[in-house]
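Engineer: Okay, handing you the structure first.
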Amino acid sequence: MHGGAPSWKNRGLMQRRDPDGVEFQAIADLVELRGGRVVDVGCGTGRMTLPAAEVAASIYAFDPNEDSVTKARATLPAGLRGRVSFRVHGAETLDVARRRFDVALCGWSL
Amino acid sequence: MPLAGVVDALERIHVSLDDGGAVVDTQPVGEHPPVFAEEGPLGTLDLREWADIVAATDAEIMKTVEAGRFSLVGDRHIVVSDFYDDLAELIDEAAGWAGTTVPRTLARQVDATRGEVRLDQDVRIRVLVKQ
């Protein structure tokens with residue numbers, strides 16, 4: 001883990017945290033996201049939202065930080081926008097009467 | 001998230017999940033995540049205070065398990081790497097993280113360290129299934 005030559009040079013990083021998507025891949029190995037209805041709790045700038053949107057049927061992504069949600073929305077490719085609903089609010093106002101999900105992603109957010 | 005908010009969030013998530021639905025909870029749990037430059041290791045951050053926050057959060061989560069709302073079905077650890085243009089950028093970012101301290105031994109190396117740095121964090125992934 002800690003040895004060897006650094007491997008991150010010249011990879012044209014788009015994302016500073018986990019650019020290789022190790023965390024999302026591990027999650028996808030543990031739970032079925034394909035075709036599911038996913039809620040991304042505390043989505044931040046959308047680190048998990050984007051890869052989840054590539055496989056899930058729908059994503060409801062929310063975060064109380066408006067700037068983060070704006071960034072997340074901006075980084076989502078046009079082809080995936082129909083699957084993702086971004087909202088600015090905290091978990092305390094999640095509308096449980098109207099929303100049904102198969103998976104809740106809480107990435108560094110609980 | 002404040003501790004009281006964790007309980008409320010889990011309650012709301014529980015209601016909004018269909019039967020058999022899953023919560024995936026990921027958290028950095030290492031107390032001393034290492035920092036590397038191209039030349040080698042530079043030291044570690046101090047996340048002991050953060051670890052205390054995670055432990056308190058875990059206790060709240062386990063209450064929902066004991067109450068029969070969720071069952072814990074998976075627990076796995078991975079290493080997640082963050083990358084920064086230089087050590088100064090990492091220290092600047094880490095200064096804003098909850099429960100995180102930058103040791104002087106690491107901070108003193110800012111002027112002597114050039115180029116990108118990597119922070120490796122031990123991240124725990126847990127899966128809770130709605131009962």
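Starting from 1 in every chain, residues are counted up; chains themselves are A, B, ... following the order of the structure tokens, and ligands are numbered from 1 as listed.
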With only C-alpha atoms counted and 8 Å as the cut-off, give the residues of chain A in contact with chain B, each with its shortest interatomic distance in Å and the pair that gives it, as CSV.
Structural biologist:
```
residue,atom,partner,partner_atom,distance
A:His2,CA,B:Pro41,CA,7.9
A:Ala5,CA,B:Glu38,CA,7.1
A:Pro6,CA,B:Glu38,CA,5.8
A:Trp8,CA,B:Phe83,CA,8.0
A:Arg16,CA,B:Phe83,CA,5.1
A:Arg17,CA,B:Asp82,CA,4.2
A:Asp18,CA,B:Ser81,CA,5.1
A:Pro19,CA,B:Asp82,CA,7.8
A:Val22,CA,B:Val80,CA,6.7
A:Glu23,CA,B:Val80,CA,6.6
A:Ala26,CA,B:Ile78,CA,7.9
A:Ile27,CA,B:Ile125,CA,7.4
A:Leu30,CA,B:Gly74,CA,7.5
A:Val31,CA,B:Ala22,CA,7.6
A:Ala91,CA,B:Ala9,CA,5.3
A:Glu92,CA,B:Ala9,CA,6.1
A:Leu94,CA,B:Arg12,CA,6.8
A:Val96,CA,B:Ser16,CA,5.1
A:Ala97,CA,B:Ser16,CA,7.5
A:Arg99,CA,B:Ser16,CA,5.8
A:Arg100,CA,B:Ser16,CA,4.9
A:Phe101,CA,B:Leu17,CA,4.8
A:Asp102,CA,B:Gly21,CA,4.6
A:Val103,CA,B:Ala22,CA,4.8
A:Ala104,CA,B:Val23,CA,4.6
A:Leu105,CA,B:Val24,CA,5.0
A:Cys106,CA,B:Asp25,CA,4.8
A:Gly107,CA,B:Thr26,CA,4.9
A:Trp108,CA,B:Gln27,CA,4.8
A:Ser109,CA,B:Met1,CA,6.6
A:Leu110,CA,B:Met1,CA,5.7
```
Engineer: Mind the document's chain letters and residue numbers, and return as a list in words the residues of chain A that DSSP labels strand (DSSP E or B).
Structural biologist: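 After running DSSP on the backbone, chain A has strand (DSSP E or B) at Arg17, Arg37, Val38, Val39, Asp40, Val41, Ser58, Ile59, Tyr60, Ala61, Phe62, Asp63, Val84, Ser85, Phe86, Arg87, Val88, Phe101, Asp102, Val103, Ala104, Leu105, Cys106 and Gly107 of chain A.
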Engineer: May I ask for the distance between CA of Ala56 (chain A) and CA of Arg83 (chain A), given in Å to one decimal place?
Structural biologist: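 Answer for the CA of Ala56 (chain A) to CA of Arg83 (chain A) separation: 8.0 Å.
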Engineer: As a ChimeraX atom specification, please: all residues of region 15-68 of chain A that backbone DSSP puts in helix (DSSP H, G or I).
Structural biologist: /A:22-30,49-55,66-68
Engineer: Compare A:Pro64, A:Gly82, A:Gly90, A:Gly21 by their minimum atom-to-atom distance to Met48 (chain A), counting only C-alpha atoms, and give me the closest one.
Structural biologist: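 Counting only C-alpha atoms, the residue closest to Met48 (chain A) is A:Gly21.
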Engineer: Figure out the distance between CA of Tyr60 (chain A) and CA of Ser85 (chain A), please, to one decimal in Å.
Structural biologist: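 So the answer is 4.9 Å.
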Engineer: Using only C-alpha atoms, determine which residues lie at most 12 Å from Asp67 (chain A), disregarding the query and same-chain residues fewer than 4 positions distant; provide the list as number ranges by chain.
Structural biologist: A: 43-46, 62-63, 71-74, 86-89
Engineer: So that I can see what lies close to Ala107 (chain B), please list as a PyMOL selection string the residues with an atom at most 9 Å from it, counting only C-alpha atoms and leaving out residues fewer than 4 positions away in the same chain.
Structural biologist: chain B and resi 87-88+91+102-103+111
Engineer: Determine the nearest neighbour of Arg34 (chain A) from the options A:Glu66, A:Val55, A:Asp20, A:Thr49, counting only C-alpha atoms.
Structural biologist: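 Ranked by minimum distance to Arg34 (chain A), first place goes to A:Val55.
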